[in-house]
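The block underneath contains the structure these notes are about, expressed in structure tokens.
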Amino acid sequence: MRLRRLGLIMAAEKNFENKIKKYLNDNDCWFVKYFANRMTKSGVPDILANVNGYFVAIEVKASNGHPSELQIWNRNKIRESEGIAIIIYPDQWDLFKDLIQCLFDGNHAEAVGMQFEFDREEEKT
């Protein structure tokens with residue numbers, strides 16, 4: 001039962017990730033899907049993107065997903081390095097599109113502030 005539930009979460013997360021990648025691709029953003037394995041660094045966000053010259057890191061979660069402590073730590077380190085880093089859930093889709101549009105409009109300062117709107121209460125450190 002637990003494996004089936006995990007499989008459903010992973011499928012929902014993959015579908016949402018594909019939606020994000022399609023949106024980035026349709027808007028001519030450069031991005032790469034990061035694949036974690038034993039040869040790569042753990043906790044790196046799922047998608048690393050360049051949007052109008054700005055670094056954006058995106059950790060994708062299904063509605064009932066939860067970030068690990070390492071994922072939260074990496075998000076915070078990216079922010080400290082002046083990148084934009086979010087952990088996104090499906091109900092934040094419109095907020096995501098607004099953030100990307102801010103970057104296209106050259107409103108970097110507004111986008112930097114918007115990234116904190118993605119934080120869930122249980123993620124705040």
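Following the order of the structure tokens, chains are lettered A, B, ..., residues in each are numbered from 1, and ligands are numbered from 1.
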
Can you build me a table of range 23-50 of chain A residues sitting at most 8 Å from range 71-90 of chain A, with the closest atom pair per residue and its distance in Å to one decimal, using only C-alpha atoms, sorted by chain and residue number, as JSON lines?
```
{"residue": "A:Gly43", "atom": "CA", "partner": "A:Gln71", "partner_atom": "CA", "distance": 4.7}
{"residue": "A:Val44", "atom": "CA", "partner": "A:Asn74", "partner_atom": "CA", "distance": 6.5}
{"residue": "A:Pro45", "atom": "CA", "partner": "A:Gln71", "partner_atom": "CA", "distance": 7.0}
```

Name the residues of chain A that come out as helix (DSSP H, G or I) in a backbone DSSP run; write them as a ChimeraX atom specification. /A:2-26,69-80,90-104,108-118,121-123

DSSP on the backbone, strand (DSSP E) only: what residues of chain A does that give? Format it as a PyMOL selection string. chain A and resi 30-33+47-51+54-60+84-88

For Leu70 in chain A, which of A:Asn37, A:Ser42, A:Gln101, A:Asn27 is the closest residue, counting only C-alpha atoms? A:Ser42

Fewer than 6 positions away in the same chain doesn't count, so skip those; otherwise give me all residues within 12 Å of Lys22 in chain A, counting only C-alpha atoms, as an MDAnalysis selection string. chainID A and resid 15:16 28:33 47

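Distances to Gly106 in chain A were evaluated for A:Asp119, A:Val60, A:Asp91, A:Tyr54 using only C-alpha atoms, and the minimum falls at A:Tyr54.
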
List as a PyMOL selection string the protein and nucleic acid residues near Asp46 in chain A, meaning an atom at most 6 Å away when only C-alpha atoms are counted, but skip any in the same chain fewer than 2 places from it. chain A and resi 33-34+58-59

I need the chosen residues saved as a PDB file, in the first residue's frame, with C-alpha atoms.
```pdb
ATOM      1  CA  LYS A  33      16.231  18.785 -15.438  1.00  0.00           C
ATOM      2  CA  TYR A  34      18.641  17.785 -12.691  1.00  0.00           C
ATOM      3  CA  ILE A  58      12.686  24.948  -8.924  1.00  0.00           C
ATOM      4  CA  GLU A  59      11.983  22.033  -6.595  1.00  0.00           C
TER       5      GLU A  59
END
```

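Across A:Ala49, A:Pro67, A:Ala12, A:Leu99, the tightest approach to Gly113 in chain A is made by A:Leu99 when counting only C-alpha atoms.
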
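Nearest to Cys102 in chain A of all the residues A:Asn52, A:Asn64, A:Asn18, A:Thr40 is A:Asn52, counting only C-alpha atoms.
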
For Phe55 in chain A, which residue out of A:Arg120, A:Arg38, A:His108, A:Lys21 is the nearest one, using only C-alpha atoms? A:His108

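For the atom pair formed by CA of Val112 in chain A and CA of Tyr23 in chain A, the distance is 19.8 Å, given to one decimal.
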
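Closest approach to Leu24 in chain A among A:Gly65, A:Gly53, A:Ile100, A:Met39: A:Ile100, based on only C-alpha atoms.
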